[in-house]
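Pasted below: work14.txt, compact mmCIF, C-alpha atoms.
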```txt
# COMPACT_ATOMS: atom_id res chain seq x y z
CA MET A 214 30.49 -26.20 -29.00
CA THR A 215 29.04 -23.77 -26.48
CA ALA A 216 30.61 -23.99 -23.03
CA PRO A 217 28.15 -25.12 -20.35
CA LYS A 218 26.77 -22.38 -18.13
CA PRO A 219 27.82 -22.42 -14.48
CA PRO A 220 25.03 -23.28 -12.04
CA LEU A 221 23.29 -20.55 -10.05
CA GLU A 222 20.70 -21.04 -7.35
CA ILE A 223 18.37 -18.06 -6.94
CA LEU A 224 16.58 -17.63 -3.63
CA LEU A 225 13.52 -15.42 -4.18
CA CYS A 226 12.42 -13.52 -1.08
CA ALA A 227 8.71 -13.58 -0.28
CA PRO A 228 6.94 -11.31 0.35
CA ARG A 229 8.52 -8.89 -2.13
CA GLY A 230 7.35 -6.14 -4.47
CA PHE A 231 4.05 -4.31 -4.45
CA CYS A 232 2.27 -3.73 -1.14
CA ALA A 233 -1.44 -2.97 -0.73
CA GLY A 234 -0.86 0.79 -0.51
CA VAL A 235 1.13 0.84 -3.75
CA VAL A 236 -1.45 -1.32 -5.56
CA ARG A 237 -4.19 1.07 -4.40
CA ALA A 238 -2.28 4.16 -5.58
CA ILE A 239 -1.47 2.74 -9.02
CA ASP A 240 -5.02 1.43 -9.41
CA ALA A 241 -6.32 4.90 -8.49
CA VAL A 242 -4.47 6.48 -11.42
CA GLU A 243 -5.57 3.76 -13.84
CA LYS A 244 -9.18 3.91 -12.64
CA ALA A 245 -9.24 7.71 -12.98
CA LEU A 246 -7.93 7.37 -16.54
CA ALA A 247 -10.61 4.77 -17.32
CA LEU A 248 -13.41 6.90 -15.86
CA HIS A 249 -12.35 10.35 -17.02
CA GLY A 250 -9.89 9.84 -19.86
CA ALA A 251 -6.50 11.49 -20.28
CA PRO A 252 -4.92 13.56 -18.98
CA VAL A 253 -5.04 12.78 -15.29
CA PHE A 254 -2.62 14.88 -13.26
CA VAL A 255 -0.59 13.36 -10.43
CA ARG A 256 1.24 15.47 -7.87
CA HIS A 257 4.72 13.96 -7.46
CA GLU A 258 5.55 10.36 -8.35
CA ILE A 259 2.56 8.20 -7.41
CA VAL A 260 5.09 5.67 -6.05
CA HIS A 261 8.88 5.70 -6.11
CA ASN A 262 9.51 3.59 -9.18
CA LYS A 263 10.60 5.01 -12.52
CA TYR A 264 9.24 1.99 -14.45
CA VAL A 265 5.77 2.43 -12.94
CA VAL A 266 5.77 6.19 -13.49
CA GLU A 267 6.83 5.85 -17.15
CA SER A 268 4.16 3.19 -17.72
CA LEU A 269 1.45 5.47 -16.32
CA LYS A 270 2.74 8.38 -18.42
CA ARG A 271 2.22 6.31 -21.55
CA LYS A 272 -1.40 5.74 -20.49
CA GLY A 273 -2.07 9.47 -20.07
CA ALA A 274 -0.96 10.40 -16.56
CA VAL A 275 0.87 13.72 -16.26
CA PHE A 276 3.18 14.10 -13.25
CA VAL A 277 3.69 17.55 -11.76
CA ALA A 278 5.76 18.84 -8.86
CA GLU A 279 3.13 21.32 -7.64
CA LEU A 280 -0.54 22.04 -8.22
CA SER A 281 0.38 25.36 -9.86
CA GLU A 282 1.60 23.31 -12.85
CA VAL A 283 -1.89 21.89 -13.52
CA PRO A 284 -3.25 23.90 -16.47
CA ASP A 285 -6.84 22.61 -16.45
CA ALA A 286 -8.87 22.67 -13.22
CA SER A 287 -11.50 20.39 -14.80
CA ARG A 288 -9.14 17.39 -14.89
CA PRO A 289 -8.64 14.97 -11.96
CA VAL A 290 -5.61 15.57 -9.74
CA ILE A 291 -4.27 12.69 -7.65
CA PHE A 292 -2.08 12.95 -4.55
CA SER A 293 0.65 10.32 -4.24
CA ALA A 294 0.77 7.32 -1.88
CA HIS A 295 3.30 9.10 0.35
CA GLY A 296 0.79 11.65 1.63
CA VAL A 297 0.78 15.44 1.47
CA ALA A 298 0.82 18.39 3.84
CA LYS A 299 -2.59 19.87 4.68
CA SER A 300 -1.76 22.91 2.57
CA VAL A 301 -1.96 20.80 -0.60
CA PRO A 302 -5.64 19.70 -0.41
CA ALA A 303 -6.45 23.21 0.87
CA GLU A 304 -4.93 24.67 -2.30
CA ALA A 305 -6.83 22.13 -4.41
CA ARG A 306 -10.13 23.16 -2.79
CA ALA A 307 -9.34 26.83 -3.27
CA ARG A 308 -8.74 26.21 -6.98
CA ASP A 309 -11.83 23.98 -7.24
CA PHE A 310 -9.85 20.96 -8.40
CA PHE A 311 -11.33 17.48 -8.57
CA ALA A 312 -8.76 16.05 -6.13
CA ILE A 313 -8.33 12.36 -5.35
CA ASP A 314 -6.20 11.42 -2.35
CA ALA A 315 -4.26 8.17 -2.94
CA THR A 316 -2.31 8.42 0.33
CA CYS A 317 -1.61 4.98 1.74
CA PRO A 318 -4.04 4.34 4.63
CA LEU A 319 -1.09 3.37 6.84
CA VAL A 320 0.46 6.81 6.24
CA THR A 321 -2.90 8.42 6.99
CA LYS A 322 -2.88 6.49 10.28
CA VAL A 323 0.38 8.25 11.24
CA HIS A 324 -1.13 11.63 10.29
CA ARG A 325 -4.14 10.98 12.54
CA GLU A 326 -1.90 9.87 15.41
CA ALA A 327 0.11 13.09 15.16
CA GLU A 328 -3.08 15.17 15.18
CA VAL A 329 -4.40 13.39 18.28
CA HIS A 330 -1.13 13.96 20.15
CA TYR A 331 -1.18 17.63 19.17
CA LYS A 332 -4.77 18.09 20.37
CA ARG A 333 -3.77 16.56 23.69
CA GLY A 334 -0.98 19.10 24.11
CA ARG A 335 1.94 16.79 23.35
CA HIS A 336 5.08 17.63 21.41
CA ILE A 337 5.64 15.08 18.66
CA LEU A 338 8.92 13.43 17.70
CA LEU A 339 8.93 12.05 14.15
CA VAL A 340 11.53 9.37 13.45
CA GLY A 341 12.25 9.58 9.74
CA HIS A 342 14.42 10.91 6.90
CA ALA A 343 14.50 14.63 6.11
CA GLY A 344 13.22 15.48 2.65
CA HIS A 345 11.30 12.26 2.09
CA PRO A 346 7.81 13.04 0.76
CA GLU A 347 6.17 11.06 3.57
CA VAL A 348 8.04 13.05 6.22
CA ILE A 349 7.18 16.35 4.50
CA GLY A 350 3.54 15.29 4.43
CA THR A 351 3.44 14.21 8.08
CA MET A 352 5.17 17.37 9.34
CA GLY A 353 2.75 19.39 7.22
CA GLN A 354 -0.27 18.07 9.14
CA LEU A 355 0.45 20.42 12.04
CA PRO A 356 1.67 23.98 12.66
CA GLU A 357 5.38 24.61 12.34
CA GLY A 358 7.25 23.68 15.52
CA ALA A 359 4.71 21.06 16.63
CA ILE A 360 6.90 18.19 15.33
CA THR A 361 10.62 17.61 15.74
CA LEU A 362 12.32 15.33 13.21
CA ILE A 363 14.67 12.69 14.62
CA GLU A 364 16.98 11.06 12.06
CA THR A 365 19.89 9.70 14.09
CA LEU A 366 21.07 8.75 17.57
CA ASP A 367 22.96 12.06 17.63
CA ASP A 368 19.62 13.83 17.20
CA VAL A 369 18.33 11.96 20.24
CA ALA A 370 21.34 13.00 22.30
CA SER A 371 21.05 16.68 21.34
CA LEU A 372 17.27 16.91 21.54
CA ALA A 373 15.97 19.79 23.69
CA PRO A 374 12.17 19.46 23.61
CA PRO A 375 9.81 22.23 24.73
CA GLU A 376 9.48 22.41 28.49
CA GLY A 377 6.20 21.53 30.15
CA GLN A 378 4.90 19.35 27.32
CA ASP A 379 4.46 15.59 27.24
CA LEU A 380 6.31 13.86 24.42
CA ALA A 381 4.99 11.32 21.91
CA TYR A 382 6.61 9.76 18.88
CA VAL A 383 5.52 8.55 15.47
CA THR A 384 7.64 7.11 12.65
CA GLN A 385 7.91 7.11 8.90
CA THR A 386 6.32 3.89 7.63
CA THR A 387 9.23 2.73 5.45
CA LEU A 388 12.16 2.75 7.86
CA SER A 389 14.55 -0.01 8.83
CA VAL A 390 12.92 -1.90 11.68
CA ASP A 391 16.26 -2.38 13.46
CA ASP A 392 17.45 1.22 13.02
CA THR A 393 14.14 2.55 14.26
CA ARG A 394 14.13 0.26 17.29
CA GLU A 395 17.58 1.56 18.21
CA ILE A 396 16.46 5.20 17.98
CA VAL A 397 13.23 4.55 19.88
CA LEU A 398 15.11 2.77 22.68
CA ALA A 399 17.45 5.77 22.95
CA LEU A 400 14.46 8.13 23.08
CA GLN A 401 12.78 6.04 25.78
CA ALA A 402 16.00 5.96 27.80
CA ARG A 403 16.15 9.78 27.74
CA PHE A 404 12.42 10.31 28.14
CA PRO A 405 10.85 7.40 30.07
CA ALA A 406 7.37 8.92 29.85
CA LEU A 407 7.53 9.05 26.03
CA ILE A 408 4.15 8.01 24.55
CA ALA A 409 4.37 5.32 21.86
CA PRO A 410 1.96 4.59 18.99
CA HIS A 411 -0.89 2.21 19.86
CA LYS A 412 0.33 0.06 16.97
CA GLU A 413 3.71 0.02 15.21
CA ASP A 414 3.94 2.78 12.58
CA ILE A 415 6.39 0.93 10.33
CA CYS A 416 4.02 -0.78 7.92
CA TYR A 417 3.45 -4.51 7.66
CA ALA A 418 4.94 -4.63 4.14
CA THR A 419 8.20 -2.96 5.16
CA THR A 420 8.56 -5.31 8.13
CA ASN A 421 7.72 -8.44 6.13
CA ARG A 422 10.13 -7.64 3.30
CA GLN A 423 12.95 -6.94 5.74
CA GLU A 424 12.32 -10.23 7.56
CA ALA A 425 12.53 -12.17 4.30
CA VAL A 426 15.84 -10.50 3.45
CA LYS A 427 17.21 -11.34 6.91
CA ARG A 428 16.37 -14.98 6.28
CA VAL A 429 17.98 -15.12 2.83
CA ALA A 430 20.99 -12.78 3.14
CA PRO A 431 23.24 -15.11 5.22
CA LEU A 432 22.61 -17.96 2.77
CA VAL A 433 23.72 -16.28 -0.48
CA ASP A 434 26.87 -14.87 -2.11
CA GLY A 435 25.05 -11.74 -3.23
CA LEU A 436 21.62 -10.14 -3.12
CA ILE A 437 19.83 -7.83 -5.53
CA VAL A 438 17.07 -5.48 -4.41
CA VAL A 439 14.91 -4.50 -7.36
CA GLY A 440 13.81 -0.91 -6.86
CA SER A 441 14.49 2.78 -7.44
CA PRO A 442 17.25 4.68 -5.62
CA ASN A 443 14.71 7.21 -4.27
CA SER A 444 12.60 4.43 -2.71
CA SER A 445 13.15 4.47 1.05
CA ASN A 446 11.92 0.93 1.66
CA SER A 447 14.15 -0.40 -1.15
CA GLN A 448 17.24 1.31 0.26
CA ARG A 449 16.45 -0.15 3.68
CA LEU A 450 16.27 -3.66 2.18
CA ARG A 451 19.77 -3.25 0.77
CA GLU A 452 21.07 -2.08 4.16
CA VAL A 453 19.33 -4.97 5.94
CA ALA A 454 21.04 -7.46 3.61
CA GLU A 455 24.45 -5.95 4.35
CA ARG A 456 23.90 -6.11 8.09
CA ALA A 457 22.68 -9.69 7.86
CA GLY A 458 26.04 -10.73 6.44
CA CYS A 459 25.50 -10.69 2.68
CA PRO A 460 28.88 -10.04 0.96
CA ILE A 461 27.36 -8.18 -2.02
CA SER A 462 24.14 -6.19 -1.77
CA ARG A 463 23.02 -3.94 -4.61
CA LEU A 464 19.92 -1.91 -5.47
CA VAL A 465 19.06 -1.99 -9.19
CA LEU A 466 15.98 -1.06 -11.18
CA ARG A 467 16.71 -2.69 -14.55
CA THR A 468 19.18 -5.22 -15.93
CA ASP A 469 21.44 -2.57 -17.44
CA GLU A 470 22.32 -1.47 -13.89
CA ILE A 471 23.76 -4.88 -12.88
CA ASP A 472 27.53 -4.79 -12.33
CA TRP A 473 28.44 -8.18 -13.74
CA SER A 474 31.99 -7.92 -12.42
CA LEU A 475 30.52 -8.21 -8.91
CA PHE A 476 28.26 -11.16 -9.71
CA GLY A 477 30.65 -13.16 -11.91
CA GLY A 478 31.65 -15.87 -9.45
CA ILE A 479 28.54 -16.35 -7.35
CA ARG A 480 26.73 -19.66 -6.86
CA ARG A 481 23.73 -18.49 -4.80
CA LEU A 482 21.89 -15.21 -5.39
CA GLY A 483 19.10 -13.64 -3.36
CA ILE A 484 16.53 -11.42 -5.08
CA THR A 485 13.88 -9.22 -3.51
CA ALA A 486 11.95 -6.14 -4.59
CA GLY A 487 10.93 -2.94 -2.86
CA ALA A 488 7.25 -2.27 -2.22
CA SER A 489 6.95 -0.06 -5.32
CA ALA A 490 8.71 -2.43 -7.76
CA PRO A 491 6.55 -4.53 -10.11
CA GLU A 492 7.15 -8.28 -10.46
CA VAL A 493 7.92 -7.90 -14.17
CA LEU A 494 11.23 -6.26 -13.19
CA VAL A 495 12.10 -9.20 -10.94
CA GLU A 496 11.45 -11.55 -13.85
CA GLU A 497 13.64 -9.37 -16.07
CA ILE A 498 16.53 -9.67 -13.58
CA ILE A 499 16.11 -13.46 -13.36
CA ASP A 500 16.12 -13.71 -17.17
CA ALA A 501 19.37 -11.72 -17.33
CA PHE A 502 21.06 -14.16 -14.96
CA ALA A 503 19.59 -17.11 -16.89
CA GLU A 504 21.46 -15.92 -19.99
CA ARG A 505 24.74 -16.40 -18.10
CA TYR A 506 23.95 -19.21 -15.66
CA GLU A 507 22.03 -22.46 -15.45
CA VAL A 508 19.44 -21.09 -13.04
CA THR A 509 17.27 -22.83 -10.50
CA VAL A 510 14.80 -20.76 -8.47
CA GLU A 511 13.55 -21.39 -4.95
CA THR A 512 11.14 -19.13 -3.06
CA VAL A 513 11.88 -18.45 0.60
CA SER A 514 8.67 -17.25 2.26
CA THR A 515 8.45 -15.71 5.73
CA ALA A 516 4.89 -14.33 5.72
CA ASP A 517 1.60 -14.44 3.83
CA GLU A 518 0.06 -11.10 2.90
CA SER A 519 -3.65 -10.65 2.32
CA VAL A 520 -4.02 -6.93 3.05
CA PHE A 521 -6.31 -5.02 0.69
CA PHE A 522 -7.18 -1.32 0.64
CA PRO A 523 -10.24 -0.12 -1.34
CA LEU A 524 -9.88 2.63 -3.91
CA PRO A 525 -10.40 6.26 -2.85
CA ARG A 526 -14.09 7.01 -2.44
CA GLU A 527 -14.26 9.19 -5.58
CA LEU A 528 -13.31 6.21 -7.76
CA ARG A 529 -15.46 3.44 -6.31
CA ALA A 530 -18.72 4.21 -8.09
CA GLU A 531 -19.22 4.53 -11.82
CA PRO A 532 -19.51 7.23 -12.82
CA ALA A 533 -17.74 8.84 -9.86
CA ARG A 534 -17.97 12.42 -11.06
CA SER A 535 -17.44 13.93 -14.42
CA ALA A 536 -14.12 15.76 -14.53
CA ALA A 537 -15.86 18.46 -16.53
CA GLU A 538 -18.30 19.26 -13.74
```

The structure given in the file should be rewritten as structure tokens.
Amino acid sequence: MTAPKPPLEILLCAPRGFCAGVVRAIDAVEKALALHGAPVFVRHEIVHNKYVVESLKRKGAVFVAELSEVPDASRPVIFSAHGVAKSVPAEARARDFFAIDATCPLVTKVHREAEVHYKRGRHILLVGHAGHPEVIGTMGQLPEGAITLIETLDDVASLAPPEGQDLAYVTQTTLSVDDTREIVLALQARFPALIAPHKEDICYATTNRQEAVKRVAPLVDGLIVVGSPNSSNSQRLREVAERAGCPISRLVLRTDEIDWSLFGGIRRLGITAGASAPEVLVEEIIDAFAERYEVTVETVSTADESVFFPLPRELRAEPARSAAE
């Protein structure tokens, strides 16, 4: 006789998973494939999720690190949701590529803010993580030296901005809300005249997903964030869960990454997903726990999301433009 499974209550965070910017970027690749056929080239990962990237590869997308790797200038080339430095579209124009910009509109907003500050003679402080594609893209909107990257409170303390210039700040869109608030408060304490964004740069989806985790984390024995290790917003969700008092907080992409020795004695589990993780992976994780536990699922919702971003202009009409033109 099979031993009965122990009970497990799963609290599903909502909102979770895909945001409007990610949906737009993935749809852009799929629409380009439908309109122009394979291959469609994509500079860098369209979003930070291995599952999504592999799925698009099977449909005919080819991912490249740089435009120099694109062998056929007649094929569409798509820029990722994270945004790119101005040198990238300039290179695409010089090589007469059919380029499609899938940058998230909320990242583009940060780019425009930085440009406005620069035109008004201000030095810009960018709160973000060095090496992240979004940060590289934002810093690449302006001449070298126009933006100073701020990653930590130590950076705030050691900051020596150019003399005679007003200061303004912008932020990466996928940061921890709490960490960023701490850094911004430190900047404002040092520089009281610091000019803030008209509207928060951290995107609605990042904020909403972090709020849901804060609600669930104190109620569960462990929490799983479904997402890729190179996804900034997914890593921040894991950190938020830890700080909210969750004893076990892990970031996993697929079921084979679950450390069952950590989750062997739990009775309540929280699950969320980063903004680039598809819901099918959440269902896969739930199914894996259902094989070991008698599972009940409850959704804990903290916000309703209805944001929609239209496809890039080149993909809205049919036919948009023949890739062979």

Need the axis-aligned box for segment 236-241 of chain A with 3 Å each side, so what are the centre and edges in Å to one decimal, as AutoDock Vina command-line options?
```
--center_x -3.9 --center_y 1.8 --center_z -6.9 --size_x 10.9 --size_y 12.2 --size_z 11.0
```

Distance criterion (only C-alpha atoms): nearest to Arg526 of chain A out of A:Ala241, A:Leu464, A:Val320, A:Ala227: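 Under the stated criterion, the closest residue is A:Ala241.
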
Nearest-residue call for Leu436 of chain A, choices A:Arg306, A:Lys412, A:Arg229, A:Arg451, using only C-alpha atoms: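 The answer is A:Arg451, which sits nearest to Leu436 of chain A.
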
12 Å contact set for Asp469 of chain A, all atoms listed in the file, chain neighbours under 4 positions out, as a list in words: Val465, Trp473, Leu494, Glu497, Ile498, Ala501 and Phe502 of chain A

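Of the listed residues A:Leu528, A:Leu221, A:Ala307, A:Val323, the one whose atoms come nearest to Thr387 of chain A is A:Val323, with distances taken using all atoms listed in the file.
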
Nearest-residue call for Val493 of chain A, choices A:Pro220, A:Gly273, A:Pro346, A:Gly440, using all atoms listed in the file: A:Gly440

Exercise: Thr515 of chain A partners within 12 Å, all atoms listed in the file, chain neighbours under 4 positions left out, as a ChimeraX atom specification: /A:225-229,418,420-429

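Using all atoms listed in the file, the shortest contact distance between Ile313 of chain A and any of A:Ser268, A:Val242, A:His330, A:Asp368 is found at A:Val242.
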
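Using only C-alpha atoms, the protein and nucleic acid residues lying no more than 12 Å from Gly477 of chain A, apart from those fewer than 2 places from it along its own chain, are Lys218, Pro219, Pro220, Leu221, Asp434, Gly435, Ile461, Ile471, Asp472, Trp473, Ser474, Leu475, Ile479, Arg480, Arg481, Leu482, Phe502, Arg505 and Tyr506 of chain A.
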
Which residue of A:Met352, A:Val277, A:Arg467, A:Ala399 approaches Ser371 of chain A most closely, using all atoms listed in the file: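 So, comparing all the options, the nearest one is A:Ala399.
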